[in-house]
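*Asks:* Dropping in my_file.tsv, which is TSV, C-alpha atoms and all ligand atoms:
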chain	number	residue	atom	x	y	z
A	73	MET	CA	-78.46	-18.42	-3.57
A	74	ILE	CA	-76.53	-20.64	-1.18
A	75	PRO	CA	-78.86	-23.09	0.64
A	76	LEU	CA	-79.11	-22.25	4.35
A	77	SER	CA	-77.66	-25.59	5.44
A	78	ARG	CA	-74.53	-25.02	3.32
A	79	TYR	CA	-74.23	-21.45	4.54
A	80	LEU	CA	-74.43	-22.54	8.17
A	81	GLY	CA	-72.03	-25.35	7.40
A	82	ARG	CA	-69.54	-22.81	6.15
A	83	LEU	CA	-70.05	-20.49	9.10
A	84	PHE	CA	-69.65	-23.19	11.74
A	85	ARG	CA	-67.28	-25.89	10.59
A	86	ALA	CA	-67.34	-29.06	12.72
A	87	GLU	CA	-63.82	-30.20	13.41
A	88	PRO	CA	-62.21	-32.95	15.50
A	89	HIS	CA	-61.18	-31.92	19.00
A	90	GLY	CA	-59.30	-34.59	20.89
A	91	SER	CA	-59.97	-38.10	19.76
A	92	ASP	CA	-63.74	-38.50	19.91
A	93	ARG	CA	-65.34	-35.10	20.40
A	94	LEU	CA	-66.53	-32.51	17.95
A	95	ALA	CA	-66.38	-28.80	18.69
A	96	LEU	CA	-67.96	-25.97	16.73
A	97	ARG	CA	-65.52	-23.33	15.65
A	98	ALA	CA	-66.61	-20.06	14.09
A	99	ALA	CA	-65.11	-19.70	10.64
A	100	PRO	CA	-64.07	-16.20	9.57
A	101	ALA	CA	-67.14	-14.18	8.59
A	102	VAL	CA	-67.67	-14.02	4.84
A	103	VAL	CA	-69.18	-10.81	3.54
A	104	CYS	CA	-71.03	-11.63	0.32
A	105	LYS	CA	-71.77	-8.92	-2.20
A	106	PRO	CA	-74.90	-9.76	-4.18
A	107	GLU	CA	-74.33	-10.76	-7.79
A	108	PRO	CA	-75.31	-8.00	-10.20
A	109	ALA	CA	-78.89	-8.33	-11.40
A	110	LEU	CA	-77.95	-6.44	-14.55
A	111	LYS	CA	-74.64	-6.00	-16.26
A	112	GLY	CA	-73.67	-4.03	-19.34
A	113	GLU	CA	-70.31	-4.75	-20.96
A	114	GLU	CA	-68.59	-2.49	-23.49
A	115	LEU	CA	-71.84	-1.26	-24.99
A	116	PHE	CA	-71.78	0.71	-28.24
A	117	ARG	CA	-74.75	2.21	-30.07
A	118	SER	CA	-75.01	4.71	-32.91
A	119	PHE	CA	-77.84	6.17	-34.97
A	120	GLY	CA	-77.93	7.20	-38.63
A	121	THR	CA	-75.29	6.76	-41.30
A	122	GLY	CA	-72.49	8.71	-42.97
A	123	ASP	CA	-72.16	12.37	-42.03
A	124	THR	CA	-75.32	12.33	-39.95
A	125	ARG	CA	-74.25	9.39	-37.83
A	126	SER	CA	-74.33	10.08	-34.09
A	127	TYR	CA	-72.59	7.93	-31.53
A	128	ALA	CA	-74.82	7.61	-28.48
A	129	LEU	CA	-72.88	4.96	-26.50
A	130	LYS	CA	-69.14	4.59	-26.77
A	131	GLY	CA	-68.15	1.54	-24.74
A	132	VAL	CA	-70.19	1.69	-21.55
A	133	SER	CA	-69.76	-0.97	-18.86
A	134	ALA	CA	-71.64	-1.03	-15.56
A	135	ASP	CA	-73.10	-3.43	-12.99
A	136	PHE	CA	-76.38	-2.93	-11.14
A	137	ARG	CA	-77.19	-4.91	-8.00
A	138	PRO	CA	-80.55	-6.21	-6.77
A	139	GLY	CA	-82.18	-4.22	-3.97
A	140	GLU	CA	-80.63	-0.94	-5.12
A	141	LEU	CA	-81.97	2.25	-6.62
A	142	ASN	CA	-79.62	3.47	-9.35
A	143	LEU	CA	-79.80	6.84	-11.05
A	144	LEU	CA	-78.47	7.50	-14.51
A	145	MET	CA	-77.71	11.21	-14.92
A	146	GLY	CA	-75.88	13.48	-17.35
A	147	PRO	CA	-76.48	16.30	-19.83
A	148	SER	CA	-79.12	16.18	-22.53
A	149	GLY	CA	-77.95	14.01	-25.42
A	150	SER	CA	-75.33	12.18	-23.32
A	151	GLY	CA	-76.94	8.80	-24.07
A	152	LYS	CA	-79.00	8.07	-20.94
A	153	SER	CA	-82.19	6.92	-22.66
A	154	THR	CA	-80.19	4.94	-25.19
A	155	LEU	CA	-78.32	3.15	-22.40
A	156	LEU	CA	-81.58	2.42	-20.56
A	157	ALA	CA	-83.12	1.01	-23.74
A	158	VAL	CA	-80.08	-1.16	-24.51
A	159	LEU	CA	-79.84	-2.49	-20.93
A	160	SER	CA	-83.56	-3.20	-20.77
A	161	GLY	CA	-83.75	-5.26	-23.94
A	162	LEU	CA	-85.60	-2.68	-26.01
A	163	LEU	CA	-82.77	-1.55	-28.31
A	164	ARG	CA	-80.08	-3.82	-29.73
A	165	PRO	CA	-76.52	-2.47	-29.27
A	166	ASP	CA	-74.03	-2.30	-32.16
A	167	ALA	CA	-71.57	-4.17	-29.96
A	168	GLY	CA	-71.25	-5.34	-26.36
A	169	ALA	CA	-73.28	-7.59	-24.09
A	170	VAL	CA	-76.04	-7.26	-21.52
A	171	GLY	CA	-76.49	-9.86	-18.78
A	172	ALA	CA	-79.74	-9.83	-16.80
A	173	LEU	CA	-80.62	-12.28	-14.01
A	174	GLY	CA	-77.92	-14.59	-15.31
A	175	ARG	CA	-79.17	-14.54	-18.92
A	176	SER	CA	-77.45	-13.05	-21.93
A	177	VAL	CA	-80.12	-10.63	-23.11
A	178	TRP	CA	-79.06	-9.99	-26.69
A	179	GLN	CA	-78.48	-13.66	-27.41
A	180	MET	CA	-82.11	-14.57	-26.74
A	181	GLY	CA	-84.50	-15.18	-29.61
A	182	GLU	CA	-87.37	-12.76	-30.04
A	183	ASP	CA	-89.99	-14.94	-28.34
A	184	GLU	CA	-87.69	-15.78	-25.48
A	185	MET	CA	-86.87	-12.09	-25.04
A	186	GLU	CA	-90.56	-11.21	-25.06
A	187	ARG	CA	-91.27	-13.78	-22.35
A	188	PHE	CA	-88.28	-12.60	-20.33
A	189	ARG	CA	-89.43	-8.98	-20.46
A	190	LEU	CA	-93.00	-9.91	-19.63
A	191	ARG	CA	-91.97	-12.00	-16.66
A	192	HIS	CA	-89.14	-9.97	-15.14
A	193	CYS	CA	-89.04	-6.39	-16.47
A	194	SER	CA	-91.19	-3.33	-15.94
A	195	TYR	CA	-90.94	-0.03	-17.76
A	196	ILE	CA	-92.06	3.43	-16.70
A	197	PHE	CA	-91.91	6.18	-19.32
A	198	GLN	CA	-92.60	9.91	-19.29
A	199	GLY	CA	-95.78	9.75	-21.36
A	200	TYR	CA	-97.53	7.28	-18.98
A	201	ASN	CA	-98.65	5.10	-21.94
A	202	LEU	CA	-101.99	4.31	-20.31
A	203	PHE	CA	-104.87	2.86	-22.31
A	204	PRO	CA	-107.39	5.72	-22.76
A	205	ALA	CA	-110.44	3.45	-22.54
A	206	LEU	CA	-109.50	1.63	-19.32
A	207	THR	CA	-110.05	2.68	-15.72
A	208	ALA	CA	-107.14	2.87	-13.28
A	209	ARG	CA	-108.07	-0.56	-11.89
A	210	GLU	CA	-108.33	-2.11	-15.36
A	211	GLN	CA	-104.88	-0.76	-16.34
A	212	LEU	CA	-103.40	-2.95	-13.59
A	213	GLU	CA	-105.76	-5.90	-13.99
A	214	ILE	CA	-104.91	-6.32	-17.66
A	215	VAL	CA	-101.22	-6.87	-16.85
A	216	LEU	CA	-102.11	-9.65	-14.43
A	217	LYS	CA	-104.75	-11.31	-16.60
A	218	TRP	CA	-102.75	-11.27	-19.83
A	219	GLY	CA	-99.23	-11.36	-18.45
A	220	GLU	CA	-99.67	-13.91	-15.67
A	221	GLY	CA	-102.97	-15.59	-16.51
A	222	CYS	CA	-104.51	-14.52	-13.17
A	223	SER	CA	-108.20	-15.11	-12.56
A	224	ALA	CA	-110.46	-12.03	-12.66
A	225	ARG	CA	-110.85	-12.22	-8.88
A	226	GLU	CA	-107.13	-12.41	-8.13
A	227	ALA	CA	-106.34	-9.66	-10.64
A	228	ARG	CA	-108.90	-7.38	-9.02
A	229	ASP	CA	-107.63	-8.09	-5.49
A	230	ARG	CA	-103.99	-7.47	-6.43
A	231	ALA	CA	-104.83	-4.37	-8.48
A	232	ASP	CA	-106.85	-2.91	-5.60
A	233	ARG	CA	-104.07	-3.65	-3.12
A	234	VAL	CA	-101.50	-1.77	-5.22
A	235	LEU	CA	-103.88	1.11	-5.93
A	236	GLY	CA	-104.40	1.36	-2.17
A	237	GLN	CA	-100.63	1.52	-1.58
A	238	LEU	CA	-100.48	4.33	-4.14
A	239	GLY	CA	-103.25	6.27	-2.42
A	240	LEU	CA	-105.52	5.75	-5.43
A	241	SER	CA	-108.30	3.59	-4.00
A	242	ARG	CA	-110.88	6.31	-4.56
A	243	LYS	CA	-109.71	6.88	-8.14
A	244	ALA	CA	-109.87	3.23	-9.24
A	245	HIS	CA	-112.89	3.87	-11.47
A	246	LEU	CA	-111.39	6.86	-13.34
A	247	ARG	CA	-110.06	6.81	-16.92
A	248	PRO	CA	-106.80	8.65	-17.82
A	249	ALA	CA	-108.66	11.71	-19.18
A	250	GLU	CA	-110.24	12.16	-15.74
A	251	MET	CA	-106.95	11.99	-13.77
A	252	SER	CA	-104.26	14.56	-12.96
A	253	GLY	CA	-100.70	14.10	-14.27
A	254	GLY	CA	-99.53	12.87	-10.88
A	255	GLU	CA	-102.37	10.35	-10.66
A	256	LYS	CA	-101.65	9.08	-14.16
A	257	GLN	CA	-97.99	8.63	-13.32
A	258	ARG	CA	-98.86	6.74	-10.12
A	259	VAL	CA	-101.20	4.45	-12.09
A	260	ALA	CA	-98.40	3.88	-14.62
A	261	ILE	CA	-96.09	2.98	-11.75
A	262	GLY	CA	-98.74	0.74	-10.19
A	263	ARG	CA	-99.06	-1.05	-13.52
A	264	ALA	CA	-95.29	-1.49	-13.64
A	265	LEU	CA	-95.00	-2.79	-10.08
A	266	VAL	CA	-98.13	-4.95	-9.74
A	267	LYS	CA	-96.38	-7.97	-11.23
A	268	ASN	CA	-93.42	-7.78	-8.77
A	269	PRO	CA	-90.70	-7.33	-11.39
A	270	ALA	CA	-87.04	-8.10	-10.67
A	271	LEU	CA	-85.87	-5.30	-12.98
A	272	VAL	CA	-87.52	-1.88	-13.15
A	273	PHE	CA	-86.54	0.68	-15.78
A	274	ALA	CA	-87.84	4.24	-15.52
A	275	ASP	CA	-87.12	7.13	-17.91
A	276	GLU	CA	-87.72	10.53	-16.29
A	277	PRO	CA	-90.56	9.24	-14.10
A	278	THR	CA	-90.86	12.50	-12.14
A	279	SER	CA	-90.21	15.08	-14.86
A	280	ALA	CA	-93.85	16.01	-15.40
A	281	LEU	CA	-94.74	16.11	-11.70
A	282	ASP	CA	-94.61	18.69	-8.93
A	283	TRP	CA	-92.27	17.81	-6.08
A	284	GLU	CA	-95.02	16.39	-3.86
A	285	ASN	CA	-96.04	13.88	-6.52
A	286	GLY	CA	-92.41	13.38	-7.53
A	287	GLN	CA	-91.54	12.40	-3.97
A	288	GLN	CA	-94.34	9.83	-3.87
A	289	VAL	CA	-93.02	8.31	-7.06
A	290	ILE	CA	-89.40	8.13	-5.93
A	291	ASN	CA	-90.51	6.74	-2.55
A	292	LEU	CA	-92.36	3.95	-4.33
A	293	LEU	CA	-89.37	3.16	-6.50
A	294	THR	CA	-87.10	3.17	-3.44
A	295	GLU	CA	-89.44	0.75	-1.63
A	296	THR	CA	-89.53	-1.47	-4.69
A	297	ALA	CA	-85.76	-1.77	-4.54
A	298	ARG	CA	-85.23	-2.02	-0.79
A	299	GLU	CA	-88.28	-4.03	0.26
A	300	ARG	CA	-88.90	-6.19	-2.79
A	301	GLY	CA	-85.25	-6.57	-3.78
A	302	ALA	CA	-85.70	-5.30	-7.32
A	303	MET	CA	-82.96	-3.63	-9.32
A	304	VAL	CA	-84.32	-0.18	-10.16
A	305	LEU	CA	-82.64	1.98	-12.80
A	306	VAL	CA	-83.93	5.54	-13.25
A	307	VAL	CA	-82.90	8.08	-15.88
A	308	THR	CA	-83.33	11.57	-14.45
A	309	HIS	CA	-82.23	15.18	-14.65
A	310	ASP	CA	-83.59	15.92	-11.19
A	311	PRO	CA	-80.79	16.43	-8.61
A	312	ARG	CA	-83.34	16.12	-5.77
A	313	LEU	CA	-83.52	12.38	-6.43
A	314	THR	CA	-79.85	11.77	-5.63
A	315	SER	CA	-80.46	11.64	-1.88
A	316	TYR	CA	-82.74	8.61	-2.44
A	317	ALA	CA	-80.24	6.69	-4.55
A	318	ASP	CA	-77.82	3.94	-3.68
A	319	ARG	CA	-75.65	4.77	-6.68
A	320	VAL	CA	-75.58	7.55	-9.24
A	321	PHE	CA	-74.00	6.89	-12.63
A	322	GLU	CA	-73.00	9.93	-14.68
A	323	LEU	CA	-72.91	9.73	-18.46
A	324	ALA	CA	-71.06	12.30	-20.55
A	325	ASP	CA	-70.95	12.12	-24.33
A	326	GLY	CA	-71.78	8.41	-24.48
A	327	GLN	CA	-69.34	7.31	-21.78
A	328	LEU	CA	-69.66	6.79	-18.08
A	329	GLU	CA	-67.54	9.35	-16.35
A	330	SER	CA	-64.91	6.92	-15.12
A	331	GLU	CA	-64.95	4.73	-18.11
A	332	ALA	CA	-61.52	3.68	-19.20
A	333	ALA	CA	-61.25	3.96	-22.96
A	334	PRO	CA	-62.47	0.59	-24.29
A	335	ALA	CA	-59.39	0.24	-26.44
A	336	ALA	CA	-57.24	0.74	-23.35
A	337	SER	CA	-59.25	-1.86	-21.42
A	338	GLY	CA	-58.13	-4.47	-23.89
A	339	SER	CA	-61.26	-5.30	-25.83
A	340	GLY	CA	-61.54	-4.69	-29.53
A	341	LEU	CA	-63.27	-1.50	-30.58
A	342	PRO	CA	-65.92	-1.85	-33.31
A	343	ARG	CA	-64.30	-0.55	-36.52
A	344	GLU	CA	-66.78	2.27	-37.00
A	345	TYR	CA	-65.79	3.68	-33.58
A	346	GLU	CA	-62.04	3.63	-34.15
A	347	HIS	CA	-61.83	7.29	-35.20
A	348	LEU	CA	-63.55	8.55	-32.02
A	349	PRO	CA	-61.59	9.99	-29.11
A	350	LEU	CA	-62.69	7.64	-26.32
A	351	ALA	CA	-60.88	8.89	-23.26
A	352	GLY	CA	-62.38	8.18	-19.87
A	353	HIS	CA	-62.44	10.70	-17.06
A	354	GLY	CA	-63.40	10.96	-13.39
A	355	PRO	CA	-64.98	8.36	-11.16
A	356	ARG	CA	-67.68	6.20	-12.72
A	357	VAL	CA	-70.02	6.18	-9.78
A	358	ARG	CA	-70.11	9.77	-8.67
A	359	LEU	CA	-72.14	9.28	-5.55
A	360	TYR	CA	-72.64	6.35	-3.31
A	361	ASN	CA	-75.07	6.79	-0.49
A	362	PRO	CA	-73.73	4.62	2.34
A	363	ASP	CA	-76.76	5.28	4.58
A	364	HIS	CA	-78.96	3.09	2.39
A	401	LIG	N1	-83.83	7.34	-32.72
A	401	LIG	C1	-82.77	8.14	-32.85
A	401	LIG	N2	-82.36	8.55	-34.07
A	401	LIG	C2	-81.27	9.33	-34.22
A	401	LIG	N3	-80.52	9.76	-33.20
A	401	LIG	C3	-80.88	9.40	-31.96
A	401	LIG	C4	-82.02	8.57	-31.71
A	401	LIG	N4	-82.12	8.37	-30.38
A	401	LIG	C5	-81.10	9.05	-29.83
A	401	LIG	N5	-80.35	9.66	-30.77
A	401	LIG	C6	-79.15	10.47	-30.54
A	401	LIG	O1	-78.32	9.78	-29.61
A	401	LIG	C7	-77.74	10.67	-28.66
A	401	LIG	C8	-78.15	10.24	-27.25
A	401	LIG	O2	-79.57	10.39	-27.12
A	401	LIG	P1	-80.34	10.00	-25.79
A	401	LIG	O3	-81.79	10.23	-26.04
A	401	LIG	O4	-79.90	8.65	-25.38
A	401	LIG	O5	-79.75	11.08	-24.78
A	401	LIG	P2	-80.29	11.51	-23.34
A	401	LIG	O6	-79.07	11.66	-22.48
A	401	LIG	O7	-81.32	10.53	-22.88
A	401	LIG	O8	-80.93	12.90	-23.65
A	401	LIG	P3	-82.14	13.70	-22.92
A	401	LIG	O9	-81.67	13.96	-21.52
A	401	LIG	O10	-82.24	14.96	-23.71
A	401	LIG	O11	-83.35	12.85	-22.99
A	401	LIG	C9	-78.25	12.06	-29.04
A	401	LIG	O12	-77.25	12.68	-29.82
A	401	LIG	C10	-79.48	11.78	-29.86
A	401	LIG	O13	-79.69	12.80	-30.83
Could you show the structure in this file as structure tokens?
Ligand SMILES: Nc1ncnc2c1ncn2[C@@H]1O[C@H](COP(=O)(O)OP(=O)(O)OP(=O)(O)O)[C@@H](O)[C@H]1O

*Replies:*
Amino acid sequence: MIPLSRYLGRLFRAEPHGSDRLALRAAPAVVCKPEPALKGEELFRSFGTGDTRSYALKGVSADFRPGELNLLMGPSGSGKSTLLAVLSGLLRPDAGAVGALGRSVWQMGEDEMERFRLRHCSYIFQGYNLFPALTAREQLEIVLKWGEGCSAREARDRADRVLGQLGLSRKAHLRPAEMSGGEKQRVAIGRALVKNPALVFADEPTSALDWENGQQVINLLTETARERGAMVLVVTHDPRLTSYADRVFELADGQLESEAAPAASGSGLPREYEHLPLAGHGPRVRLYNPDH
């Protein structure tokens, strides 16, 4: 962030006019693109060994900016969940680098990584992953008490505020077994967003929901990006979500659709990938929604 005084100083440069007077002259406007909040560089990941080895990521590079909702789409098995896991610090790549909020994710030690994830990242998965014994309110409170050391009072206030925003105030006392699928997903999202994360990762967050509930979820994720400035990355098969997105990235067979072959882009290919045909095709970002 440039301090305001320096920014204004750049915009209006004082310069001598005549011998003893100063005049303000407007400098040419500078349009600043925000730095990426998340950056993947030449990411490779495979599973298994020998004949059963499958290559899930074959040199993927992409930048994701703060304040934007990004979708990651592509056919089943194209590597979407693997890419999300590698970018979010959950799965170590075979090769390549991930930068997040100016830090090099895969060079952190385990404890440092844990703290980084706790402080800055939130995850939303298909299966909700709620604690069966806790009420909706307690699912959110626990994140604040254990993650941020909030007092019981503050945790309750913040949990109730978020449950209210999710339309769940009257369900705060219910346990997961007593909630519908849509309610459980909204609680899971509330739990992810209550700590104001800078990076939000969601894997198929609407797949188990009808469109009414799905819309609520995508609206919340959109608000999280646009109003709170978070980088939100969502893996989805649902084409209805594209109209909400700032950018849509398409994966096909472990490569982003525009990806130049890593070998062609000049960086060394990991040896175990040398035999693969890694040709890029098409534009990388298939859709950019300029209205947002
Ligand atoms: N834990 C694993 N063990 C072995 N192979 C895996 C594992 N996870 C993913 N793969 C393989 O990696 C490839 C990419 O899988 P991934 O789950 O990332 O794809 P996807 O695009 O998210 O698929 P879907 O849309 O069906 O969820 C697939 O061929 C898959 O079989």

*Asks:* Mind listing as a ChimeraX atom specification all residues within 7 Å of (-71.1, 1.0, -28.5), counting only C-alpha atoms?

*Replies:* /A:114-118,129-131,165-168

*Asks:* With all atoms listed in the file as the counted atoms, please give the residues lying no more than 12 Å from A:Phe273, apart from itself and same-chain residues fewer than 3 positions off, as a count of residues only.

*Replies:* 41

*Asks:* Taking all atoms listed in the file into account, which of A:Ala280, A:Ile290, A:Ile214, A:Ala128 comes nearest ligand LIG 401 (chain A)?

*Replies:*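 Closest residue, counting all atoms listed in the file: A:Ala128.
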
*Asks:* How many Å separate atom CA of A:Arg233 from atom CA of A:Met251?

*Replies:*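 Answer for the atom CA of A:Arg233 to atom CA of A:Met251 separation: 19.1 Å.
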
*Asks:* Can you tell me how far atom CA of A:Leu235 sits from atom CA of A:Val266, in Å to one decimal?

*Replies:*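 So the answer is 9.2 Å.
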
*Asks:* Residues of chain A that have any atom at most 6 Å from an atom of ligand LIG 401 (chain A): could you tabulate them with the shortest-distance atom pair and the distance in Å to one decimal, using all atoms listed in the file, ordered by chain and increasing number, as a tab-separated table?

*Replies:*
residue	atom	partner	partner_atom	distance
A:Phe119	CA	A:LIG401	C2	4.7
A:Gly120	CA	A:LIG401	C2	5.9
A:Ser126	CA	A:LIG401	O12	5.8
A:Ala128	CA	A:LIG401	C7	4.2
A:Pro147	CA	A:LIG401	O6	5.9
A:Ser148	CA	A:LIG401	O9	3.5
A:Gly149	CA	A:LIG401	O5	3.5
A:Ser150	CA	A:LIG401	O6	3.9
A:Gly151	CA	A:LIG401	O4	3.2
A:Lys152	CA	A:LIG401	O7	3.9
A:Ser153	CA	A:LIG401	O7	3.7
A:Thr154	CA	A:LIG401	O4	3.7

*Asks:* In terms of the shortest atom-to-atom distance over only C-alpha atoms, which of A:Glu107, A:Glu140, A:Glu210, A:Asp282 is closest to A:Arg319?

*Replies:* A:Glu140

*Asks:* Check the smallest atom-to-atom distance from each of A:Glu113, A:Ala244, A:Glu295, A:Ala274 to A:Val170 using all atoms listed in the file, then report the winner.

*Replies:*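 The closest residue to A:Val170 is A:Glu113.
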
*Asks:* Between atom CA of A:Lys256 and atom CA of A:Thr314, measure the distance and give it in Å to one decimal.

*Replies:*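 Atom CA of A:Thr314 lies at a distance of 23.6 Å from atom CA of A:Lys256.
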
*Asks:* Within 12 Å of (-106.9, 8.1, -6.9), all atoms listed in the file: residues as an MDAnalysis selection string?

*Replies:* chainID A and resid 207:209 232 234:248 250:259 262

*Asks:* I need the residue nearest A:Gly112 from this list: A:Leu328, A:Arg228, A:Asp310, A:Leu281. Use all atoms listed in the file for the distance.

*Replies:*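 Checking each candidate against A:Gly112, we get A:Leu328 as the closest.
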
*Asks:* Find the spatial neighbours of A:Ala109, counting only C-alpha atoms, within a cut-off of 8 Å - ignore same-chain residues fewer than 2 positions away - and output them as a ChimeraX atom specification.

*Replies:* /A:107,111,135-138,171-174,271,303

*Asks:* My list of candidates is A:Pro108, A:Gly139, A:Gly122, A:Gly221. Which is closest to A:Glu299 when distances are computed with only C-alpha atoms?

*Replies:* A:Gly139

*Asks:* Using only C-alpha atoms, which of A:Tyr200, A:Ala260, A:Asn268, A:Ala169 sits nearest A:Ala134?

*Replies:*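 Counting only C-alpha atoms, the residue closest to A:Ala134 is A:Ala169.
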